[in-house]
>>> print(open('start01.pdb').read())   # PDB, C-alpha atoms (C1' of nucleotides)
MODEL        1
ATOM      1  CA  MET A  72      14.832 -11.860  52.228
ATOM      2  CA  ALA A  73      13.211 -11.610  55.428
ATOM      3  CA  SER A  74      14.328  -8.518  57.194
ATOM      4  CA  THR A  75      12.666  -5.328  56.130
ATOM      5  CA  THR A  76       9.731  -5.814  53.847
ATOM      6  CA  ASN A  77      10.705  -4.505  50.486
ATOM      7  CA  LEU A  78       8.008  -4.647  47.879
ATOM      8  CA  THR A  79       8.430  -4.917  44.162
ATOM      9  CA  ILE A  80       6.865  -2.289  41.974
ATOM     10  CA  HIS A  81       3.690  -4.189  41.274
ATOM     11  CA  GLU A  82       3.169  -5.012  44.934
ATOM     12  CA  ALA A  83       3.862  -1.444  45.951
ATOM     13  CA  ALA A  84       1.408  -0.294  43.332
ATOM     14  CA  THR A  85      -1.451  -2.439  44.584
ATOM     15  CA  ALA A  86      -0.529  -1.547  48.143
ATOM     16  CA  THR A  87      -0.686   2.196  47.591
ATOM     17  CA  GLY A  88      -3.261   2.565  44.858
ATOM     18  CA  TRP A  89      -0.946   3.822  42.174
ATOM     19  CA  SER A  90      -0.248   2.020  38.926
ATOM     20  CA  PRO A  91       3.253   0.683  38.286
ATOM     21  CA  ARG A  92       3.557   3.150  35.460
ATOM     22  CA  MET A  93       2.762   5.987  37.807
ATOM     23  CA  LEU A  94       5.264   4.776  40.358
ATOM     24  CA  ARG A  95       7.935   5.051  37.713
ATOM     25  CA  TYR A  96       6.671   8.498  36.871
ATOM     26  CA  VAL A  97       6.669   9.577  40.507
ATOM     27  CA  GLU A  98      10.215   8.346  40.723
ATOM     28  CA  GLN A  99      11.167  10.271  37.630
ATOM     29  CA  LEU A 100       9.839  13.422  39.254
ATOM     30  CA  GLY A 101      12.154  12.757  42.151
ATOM     31  CA  LEU A 102       9.320  12.394  44.624
ATOM     32  CA  VAL A 103       9.732   8.802  45.760
ATOM     33  CA  GLU A 104      12.891   7.009  44.705
ATOM     34  CA  PRO A 105      13.023   3.345  45.623
ATOM     35  CA  THR A 106      16.264   1.480  46.061
ATOM     36  CA  ARG A 107      17.241  -1.104  43.516
ATOM     37  CA  SER A 108      18.020  -4.770  43.840
ATOM     38  CA  SER A 109      21.341  -5.975  42.515
ATOM     39  CA  SER A 110      19.647  -6.766  39.237
ATOM     40  CA  GLY A 111      17.946  -3.406  38.968
ATOM     41  CA  TYR A 112      14.489  -4.153  40.318
ATOM     42  CA  ARG A 113      12.850  -1.324  42.224
ATOM     43  CA  LEU A 114      12.397  -2.096  45.907
ATOM     44  CA  TYR A 115       9.946  -0.080  47.959
ATOM     45  CA  GLY A 116      10.443   0.048  51.710
ATOM     46  CA  PRO A 117       7.788   0.824  54.308
ATOM     47  CA  GLY A 118       8.736   4.481  54.471
ATOM     48  CA  GLN A 119       8.263   4.822  50.780
ATOM     49  CA  LEU A 120       4.935   3.065  50.840
ATOM     50  CA  GLN A 121       3.889   5.523  53.479
ATOM     51  CA  ARG A 122       5.093   8.380  51.340
ATOM     52  CA  LEU A 123       3.245   7.101  48.322
ATOM     53  CA  SER A 124       0.015   6.766  50.217
ATOM     54  CA  SER A 125       0.216  10.163  51.791
ATOM     55  CA  LEU A 126       1.179  11.674  48.477
ATOM     56  CA  ARG A 127      -2.064  10.371  47.073
ATOM     57  CA  ALA A 128      -3.983  11.852  49.952
ATOM     58  CA  LEU A 129      -2.202  15.147  49.534
ATOM     59  CA  LEU A 130      -3.095  15.392  45.868
ATOM     60  CA  GLU A 131      -6.704  14.600  46.488
ATOM     61  CA  THR A 132      -7.356  16.806  49.458
ATOM     62  CA  HIS A 133      -5.612  19.858  48.091
ATOM     63  CA  SER A 134      -6.311  19.334  44.421
ATOM     64  CA  VAL A 135      -2.695  19.591  43.452
ATOM     65  CA  GLU A 136      -1.013  17.893  40.515
ATOM     66  CA  LEU A 137       2.044  15.720  40.639
ATOM     67  CA  GLY A 138       3.887  18.270  38.579
ATOM     68  CA  ASP A 139       3.142  20.894  41.196
ATOM     69  CA  VAL A 140       4.667  18.765  43.898
ATOM     70  CA  GLY A 141       7.609  18.274  41.612
ATOM     71  CA  PHE A 142       7.949  22.007  41.310
ATOM     72  CA  ALA A 143       7.739  22.441  45.063
ATOM     73  CA  LEU A 144      10.539  19.937  45.362
ATOM     74  CA  ARG A 145      12.554  21.957  42.922
ATOM     75  CA  LEU A 146      11.928  25.011  45.069
ATOM     76  CA  ARG A 147      13.254  23.177  48.065
ATOM     77  CA  ARG A 148      16.398  22.105  46.347
ATOM     78  CA  ASP A 149      17.160  25.158  44.262
ATOM     79  CA  GLN A 150      17.524  27.812  46.887
ATOM     80  CA  GLU A 151      18.602  30.284  44.275
ATOM     81  CA  LEU A 152      15.298  29.910  42.496
ATOM     82  CA  ALA A 153      13.332  30.033  45.699
ATOM     83  CA  SER A 154      14.740  33.336  46.775
ATOM     84  CA  ALA A 155      14.457  34.757  43.285
ATOM     85  CA  LEU A 156      10.764  33.936  43.373
ATOM     86  CA  GLY A 157      10.344  35.206  46.877
ATOM     87  CA  GLY A 158      12.109  38.384  45.881
ATOM     88  CA  TRP A 159       9.810  38.890  42.961
ATOM     89  CA  PHE A 160       6.719  38.455  45.084
ATOM     90  CA  ASP A 161       7.905  41.110  47.481
ATOM     91  CA  GLU A 162       9.157  43.492  44.855
ATOM     92  CA  ILE A 163       7.089  46.634  44.879
ATOM     93  CA  PRO A 164       3.480  46.277  45.898
ATOM     94  CA  THR A 165       1.070  44.954  43.364
ATOM     95  CA  THR A 166      -1.175  47.965  43.371
ATOM     96  CA  PRO A 167       0.689  51.210  42.908
ATOM     97  CA  GLU A 168      -1.384  53.887  44.514
ATOM     98  CA  THR A 169      -2.534  51.968  47.494
ATOM     99  CA  PHE A 170      -0.763  52.628  50.709
ATOM    100  CA  GLU A 171      -1.621  50.451  53.608
ATOM    101  CA  LEU A 172      -2.575  51.845  56.914
ATOM    102  CA  PRO A 173      -1.042  49.501  59.427
ATOM    103  CA  ASP A 174      -3.910  48.821  61.708
ATOM    104  CA  LEU A 175      -3.140  46.976  64.857
ATOM    105  CA  PRO A 176      -3.792  43.295  64.582
ATOM    106  CA  ALA A 177      -5.345  41.475  67.431
ATOM    107  CA  ALA A 178      -3.337  38.870  69.225
ATOM    108  CA  ASP A 179      -4.931  36.062  67.306
ATOM    109  CA  GLU A 180      -4.180  37.650  64.007
ATOM    110  CA  ARG A 181      -0.635  38.203  65.053
ATOM    111  CA  TRP A 182      -0.310  34.581  65.900
ATOM    112  CA  LEU A 183      -1.709  33.628  62.569
ATOM    113  CA  ALA A 184       0.689  35.881  60.760
ATOM    114  CA  PHE A 185       3.536  34.365  62.656
ATOM    115  CA  GLU A 186       2.403  30.899  61.782
ATOM    116  CA  GLN A 187       2.109  31.768  58.162
ATOM    117  CA  ASP A 188       5.482  33.349  58.062
ATOM    118  CA  LYS A 189       6.921  30.264  59.603
ATOM    119  CA  HIS A 190       5.296  28.071  57.015
ATOM    120  CA  GLN A 191       6.401  30.348  54.317
ATOM    121  CA  HIS A 192       9.985  29.835  55.302
ATOM    122  CA  LEU A 193       9.216  26.196  55.008
ATOM    123  CA  LEU A 194       9.023  26.557  51.269
ATOM    124  CA  ASN A 195      11.619  29.244  51.124
ATOM    125  CA  LEU A 196       9.390  31.698  49.417
TER
ATOM    126  CA  MET B1282      -3.718  64.459  40.045
ATOM    127  CA  ALA B1283      -1.305  64.012  37.707
ATOM    128  CA  SER B1284       1.216  61.990  38.441
ATOM    129  CA  THR B1285       1.836  58.391  38.162
ATOM    130  CA  THR B1286       2.094  57.437  34.559
ATOM    131  CA  ASN B1287      -0.498  54.828  33.949
ATOM    132  CA  LEU B1288      -0.121  52.953  30.731
ATOM    133  CA  THR B1289      -2.811  51.224  28.763
ATOM    134  CA  ILE B1290      -2.418  47.564  28.017
ATOM    135  CA  HIS B1291      -0.894  47.984  24.610
ATOM    136  CA  GLU B1292       1.597  50.539  25.861
ATOM    137  CA  ALA B1293       2.491  48.395  28.815
ATOM    138  CA  ALA B1294       2.956  45.486  26.479
ATOM    139  CA  THR B1295       5.408  47.228  24.207
ATOM    140  CA  ALA B1296       7.137  48.690  27.246
ATOM    141  CA  THR B1297       7.713  45.344  28.907
ATOM    142  CA  GLY B1298       8.046  42.978  26.001
ATOM    143  CA  TRP B1299       4.895  41.015  26.650
ATOM    144  CA  SER B1300       1.962  40.837  24.287
ATOM    145  CA  PRO B1301      -1.362  42.340  25.349
ATOM    146  CA  ARG B1302      -2.820  38.872  25.324
ATOM    147  CA  MET B1303      -0.130  37.697  27.697
ATOM    148  CA  LEU B1304      -0.682  40.623  30.006
ATOM    149  CA  ARG B1305      -4.281  39.540  30.347
ATOM    150  CA  TYR B1306      -3.096  36.028  30.978
ATOM    151  CA  VAL B1307      -0.602  37.129  33.604
ATOM    152  CA  GLU B1308      -3.396  39.031  35.248
ATOM    153  CA  GLN B1309      -5.612  35.982  35.181
ATOM    154  CA  LEU B1310      -2.905  34.037  36.989
ATOM    155  CA  GLY B1311      -3.011  36.683  39.681
ATOM    156  CA  LEU B1312       0.590  37.720  39.123
ATOM    157  CA  VAL B1313       0.189  41.328  38.023
ATOM    158  CA  GLU B1314      -3.222  42.891  38.414
ATOM    159  CA  PRO B1315      -3.540  46.378  36.986
ATOM    160  CA  THR B1316      -6.086  48.845  38.211
ATOM    161  CA  ARG B1317      -8.980  49.755  35.998
ATOM    162  CA  SER B1318     -10.183  53.046  34.633
ATOM    163  CA  SER B1319     -13.764  54.030  35.269
ATOM    164  CA  SER B1320     -14.691  52.516  31.939
ATOM    165  CA  GLY B1321     -12.862  49.303  32.590
ATOM    166  CA  TYR B1322      -9.560  49.839  30.788
ATOM    167  CA  ARG B1323      -6.523  48.244  32.391
ATOM    168  CA  LEU B1324      -4.075  50.791  33.728
ATOM    169  CA  TYR B1325      -0.524  49.746  34.482
ATOM    170  CA  GLY B1326       1.452  51.795  36.967
ATOM    171  CA  PRO B1327       5.223  52.013  37.191
ATOM    172  CA  GLY B1328       5.440  49.369  39.862
ATOM    173  CA  GLN B1329       3.546  46.967  37.707
ATOM    174  CA  LEU B1330       5.699  47.665  34.689
ATOM    175  CA  GLN B1331       8.667  46.891  36.857
ATOM    176  CA  ARG B1332       7.071  43.696  38.008
ATOM    177  CA  LEU B1333       6.291  42.654  34.468
ATOM    178  CA  SER B1334       9.831  43.234  33.320
ATOM    179  CA  SER B1335      11.403  41.414  36.202
ATOM    180  CA  LEU B1336       8.953  38.597  35.801
ATOM    181  CA  ARG B1337      10.226  38.133  32.286
ATOM    182  CA  ALA B1338      13.781  38.093  33.523
ATOM    183  CA  LEU B1339      12.888  35.621  36.221
ATOM    184  CA  LEU B1340      11.346  33.209  33.766
ATOM    185  CA  GLU B1341      14.286  33.374  31.446
ATOM    186  CA  THR B1342      17.098  33.098  33.913
ATOM    187  CA  HIS B1343      15.601  30.298  35.948
ATOM    188  CA  SER B1344      13.735  28.534  33.200
ATOM    189  CA  VAL B1345      10.458  28.608  35.045
ATOM    190  CA  GLU B1346       7.023  28.708  33.476
ATOM    191  CA  LEU B1347       4.308  31.199  34.227
ATOM    192  CA  GLY B1348       2.198  28.409  35.635
ATOM    193  CA  ASP B1349       4.952  27.587  38.081
ATOM    194  CA  VAL B1350       5.015  31.127  39.351
ATOM    195  CA  GLY B1351       1.262  30.908  39.619
ATOM    196  CA  PHE B1352       1.625  27.817  41.741
ATOM    197  CA  ALA B1353       4.209  29.498  43.937
ATOM    198  CA  LEU B1354       1.723  32.283  44.443
ATOM    199  CA  ARG B1355      -0.856  29.750  45.431
ATOM    200  CA  LEU B1356       1.607  28.355  47.935
ATOM    201  CA  ARG B1357       2.061  31.786  49.386
ATOM    202  CA  ARG B1358      -1.616  32.345  49.800
ATOM    203  CA  ASP B1359      -2.811  28.910  50.797
ATOM    204  CA  GLN B1360      -0.836  28.239  53.920
ATOM    205  CA  GLU B1361      -2.760  25.101  54.535
ATOM    206  CA  LEU B1362      -1.408  23.725  51.303
ATOM    207  CA  ALA B1363       2.090  25.006  51.943
ATOM    208  CA  SER B1364       2.442  23.260  55.229
ATOM    209  CA  ALA B1365       0.807  20.113  53.924
ATOM    210  CA  LEU B1366       3.459  20.005  51.242
ATOM    211  CA  GLY B1367       6.236  20.846  53.632
ATOM    212  CA  GLY B1368       5.024  18.131  55.917
ATOM    213  CA  TRP B1369       5.022  15.613  53.150
ATOM    214  CA  PHE B1370       8.572  16.418  52.138
ATOM    215  CA  ASP B1371       9.809  15.792  55.641
ATOM    216  CA  GLU B1372       7.698  12.774  56.292
ATOM    217  CA  ILE B1373       9.951   9.829  56.826
ATOM    218  CA  PRO B1374      13.224   9.886  54.946
ATOM    219  CA  THR B1375      13.399   8.633  51.420
ATOM    220  CA  THR B1376      15.603   5.683  52.264
ATOM    221  CA  PRO B1377      13.653   2.547  52.998
ATOM    222  CA  GLU B1378      15.318   1.094  56.079
ATOM    223  CA  THR B1379      13.631   3.606  58.273
ATOM    224  CA  PHE B1380      10.459   2.367  59.610
ATOM    225  CA  GLU B1381       8.870   3.152  62.864
ATOM    226  CA  LEU B1382       5.821   5.251  62.501
ATOM    227  CA  PRO B1383       5.196   7.945  65.059
ATOM    228  CA  ASP B1384       2.632   6.169  67.129
ATOM    229  CA  LEU B1385       2.403   9.161  69.419
ATOM    230  CA  PRO B1386      -1.033   8.989  70.950
ATOM    231  CA  ALA B1387      -0.908  12.662  71.828
ATOM    232  CA  ALA B1388      -2.991  15.254  70.074
ATOM    233  CA  ASP B1389      -2.376  15.627  66.391
ATOM    234  CA  GLU B1390      -2.037  19.298  66.856
ATOM    235  CA  ARG B1391       0.841  18.845  69.188
ATOM    236  CA  TRP B1392       2.578  16.641  66.721
ATOM    237  CA  LEU B1393       1.978  19.057  63.927
ATOM    238  CA  ALA B1394       3.286  21.933  65.943
ATOM    239  CA  PHE B1395       6.394  19.991  66.699
ATOM    240  CA  GLU B1396       6.890  19.155  63.077
ATOM    241  CA  GLN B1397       6.534  22.728  62.043
ATOM    242  CA  ASP B1398       8.919  23.890  64.659
ATOM    243  CA  LYS B1399      11.406  21.361  63.458
ATOM    244  CA  HIS B1400      11.137  22.667  59.960
ATOM    245  CA  GLN B1401      11.783  26.119  61.098
ATOM    246  CA  HIS B1402      14.909  25.161  62.915
ATOM    247  CA  LEU B1403      16.060  23.242  59.929
ATOM    248  CA  LEU B1404      15.869  26.356  57.870
ATOM    249  CA  ASN B1405      17.547  28.526  60.375
ATOM    250  CA  LEU B1406      20.754  26.600  60.134
TER
ATOM    251  C1'  DC C1054      12.973 -25.063  32.243
ATOM    252  C1'  DC C1055       9.253 -21.843  32.040
ATOM    253  C1'  DA C1056       5.611 -18.733  33.610
ATOM    254  C1'  DG C1057       5.614 -14.558  35.318
ATOM    255  C1'  DC C1058       7.676 -11.004  37.099
ATOM    256  C1'  DC C1059      11.020  -6.826  36.143
ATOM    257  C1'  DC C1060      13.658  -3.453  33.209
ATOM    258  C1'  DT C1061      13.981   0.511  29.551
ATOM    259  C1'  DG C1062      12.235   2.848  25.703
ATOM    260  C1'  DA C1063       8.761   4.149  22.787
ATOM    261  C1'  DC C1064       4.342   5.522  20.914
ATOM    262  C1'  DA C1065      -0.516   7.022  21.606
ATOM    263  C1'  DG C1066      -4.456   9.457  23.102
ATOM    264  C1'  DA C1067      -6.853  12.592  26.394
ATOM    265  C1'  DG C1068      -6.350  16.619  28.716
ATOM    266  C1'  DT C1069      -4.107  21.075  29.854
ATOM    267  C1'  DT C1070      -1.255  25.243  28.962
ATOM    268  C1'  DG C1071       0.409  28.996  26.360
ATOM    269  C1'  DT C1072      -0.471  32.158  22.797
ATOM    270  C1'  DG C1073      -2.593  34.191  18.669
ATOM    271  C1'  DT C1074      -6.496  35.874  16.547
ATOM    272  C1'  DC C1075     -11.077  37.216  15.586
ATOM    273  C1'  DA C1076     -15.972  39.012  16.576
ATOM    274  C1'  DG C1077     -19.260  42.040  18.707
ATOM    275  C1'  DG C1078     -19.646  46.092  21.233
ATOM    276  C1'  DG C1079     -18.000  50.364  24.227
ATOM    277  C1'  DA C1080     -14.766  54.428  24.925
ATOM    278  C1'  DT C1081     -11.767  58.195  23.330
ATOM    279  C1'  DA C1082      -9.815  61.643  21.113
ATOM    280  C1'  DA C1083      -8.374  64.141  16.768
TER
ATOM    281  C1'  DT D 551     -17.504  61.299  13.124
ATOM    282  C1'  DT D 552     -14.378  58.092  12.470
ATOM    283  C1'  DA D 553     -10.211  55.726  13.414
ATOM    284  C1'  DT D 554      -8.274  53.542  16.961
ATOM    285  C1'  DC D 555      -7.912  52.022  21.011
ATOM    286  C1'  DC D 556     -10.163  48.938  24.842
ATOM    287  C1'  DC D 557     -13.252  45.199  26.747
ATOM    288  C1'  DT D 558     -14.912  40.103  27.089
ATOM    289  C1'  DG D 559     -15.569  35.727  25.164
ATOM    290  C1'  DA D 560     -14.507  32.264  22.079
ATOM    291  C1'  DC D 561     -12.127  29.232  18.834
ATOM    292  C1'  DA D 562      -7.639  27.377  17.156
ATOM    293  C1'  DC D 563      -3.395  25.109  17.402
ATOM    294  C1'  DA D 564       1.260  23.729  19.035
ATOM    295  C1'  DA D 565       3.414  21.998  22.803
ATOM    296  C1'  DC D 566       3.436  19.768  26.833
ATOM    297  C1'  DT D 567       1.645  16.538  30.767
ATOM    298  C1'  DC D 568      -0.372  12.449  32.293
ATOM    299  C1'  DT D 569      -1.286   7.772  31.818
ATOM    300  C1'  DG D 570      -1.793   3.419  29.437
ATOM    301  C1'  DT D 571       0.114  -0.035  26.708
ATOM    302  C1'  DC D 572       3.240  -2.644  24.013
ATOM    303  C1'  DA D 573       7.886  -4.616  22.503
ATOM    304  C1'  DG D 574      12.320  -6.604  23.223
ATOM    305  C1'  DG D 575      15.070  -8.582  26.625
ATOM    306  C1'  DG D 576      16.783  -9.805  31.513
ATOM    307  C1'  DC D 577      15.828 -12.130  36.202
ATOM    308  C1'  DT D 578      13.665 -15.560  39.461
ATOM    309  C1'  DG D 579      11.291 -19.075  41.840
ATOM    310  C1'  DG D 580       9.107 -23.436  41.638
TER
ENDMDL
END
>>> encode(input="start01.pdb", output="structure tokens")
Amino acid sequence: MASTTNLTIHEAATATGWSPRMLRYVEQLGLVEPTRSSSGYRLYGPGQLQRLSSLRALLETHSVELGDVGFALRLRRDQELASALGGWFDEIPTTPETFELPDLPAADERWLAFEQDKHQHLLNL
Amino acid sequence: MASTTNLTIHEAATATGWSPRMLRYVEQLGLVEPTRSSSGYRLYGPGQLQRLSSLRALLETHSVELGDVGFALRLRRDQELASALGGWFDEIPTTPETFELPDLPAADERWLAFEQDKHQHLLNL
DNA sequence: CCAGCCCTGACAGAGTTGTGTCAGGGATAA
DNA sequence: TTATCCCTGACACAACTCTGTCAGGGCTGG
């Protein structure tokens, strides 16, 4: 039992600030899936504790719900869906009669746009 | 002026299969925002009718909820959030054995940049 | 052995979402 | 003018999400 510290669900809960119930829920959403002992007990490793903690932080700082993160995960996995969504967003501009005059962006703005595009690919939108 | 057929909300509704109530709701989610007449009536242009129809199709075929699309939109707009999420997904693999936190003392920004770059390459496979 | 964990499944209550409908008050057009 | 649309705001209600808690039953360590 020594090697890598694997915590049981209750220990992991107190360690990360979730309730055991919520850890099961988070698992059900596919967000953090612990391994199981031979008899079926959930075992949380250090990486998963880390994930659980940062997940908490993420929710708080960005006021996002667990379900939203679950949906983002679905977007990551279902590429079909992701590109369908992305396609819809880009399909025909939202306002019909507006036509954009492409003003020249400054270098900074260009950089920003690049960054954003990069991140966008991150979520496959 | 003539031109672009602009439908009122009820017309747009019957044309696209939504209810007027739902069109207002879709607008509130920021998904399809019609222009307004001088007296405040919603006016839907052809592009928006198209968007409304394809939105319906999207929901059906991929079994996605309006709220999900709303969240995807939020992801598109709030890049901060998008990369926070992306970062979380890639943070330390799900399997527990892995351990070893990045104790890089270098600037956080450097680390972040590296992470983001990594993501990009991952997607460009 | 036995207290105290763990498992799954289920129900319950608060809160949120999705959708209809209605009320009070302008706008429009026959 | 009058019928018929539109607006916003609000209430209503089913369905769903989130979270706790409990029950029946299996492990586990002292």
>>> closest_residue(input="start01.pdb", among="B:Gly1348, B:Glu1372, B:Asp1359, B:Thr1289", to="Leu1324 (chain B)", atoms="only C-alpha atoms")
B:Thr1289
>>> residues_near_point(input="start01.pdb", point="(4.0, 14.4, 35.7)", cutoff="9 Å", atoms="all atoms listed in the file", output="number ranges by chain")
A: 93, 96-97, 99-100, 136-139, 141; D: 567-568
>>> resolve_selection(input="start01.pdb", expression="the PyMOL selection byres ((chain A) within 10 of (chain C))", output="list in words")
Thr79, Ile80, His81, Ser110, Gly111, Tyr112 and Arg113 of chain A
>>> resolve_selection(input="start01.pdb", expression="the PyMOL selection byres ((chain D) within 9 of (chain A))", output="short mmCIF file (atom, residue, chain, number, x, y, z; two decimals) with C-alpha atoms (C1' of nucleotides), keeping the file's coordinate frame")
data_model
loop_
_atom_site.label_atom_id
_atom_site.label_comp_id
_atom_site.auth_asym_id
_atom_site.auth_seq_id
_atom_site.Cartn_x
_atom_site.Cartn_y
_atom_site.Cartn_z
"C1'" DT D 567 1.64 16.54 30.77
"C1'" DT D 569 -1.29 7.77 31.82
"C1'" DG D 570 -1.79 3.42 29.44
"C1'" DG D 576 16.78 -9.80 31.51
"C1'" DC D 577 15.83 -12.13 36.20
#
>>> closest_residue(input="start01.pdb", among="B:Thr1295, B:Ser1334, B:Gln1329, B:Ser1344", to="chain A", atoms="all atoms listed in the file")
B:Gln1329
>>> atom_distance(input="start01.pdb", atom1="CA of Gly157 (chain A)", atom2="CA of Glu1341 (chain B)")
16.0 Å
>>> resolve_selection(input="start01.pdb", expression="the PyMOL selection byres ((chain B and resi 1325) around 10)", output="ChimeraX atom specification")
/A:166-167 /B:1285-1290,1292-1294,1313-1317,1322-1324,1326-1331,1333
>>> atom_distance(input="start01.pdb", atom1="C1' of DA564 (chain D)", atom2="CA of Ala1353 (chain B)")
25.7 Å
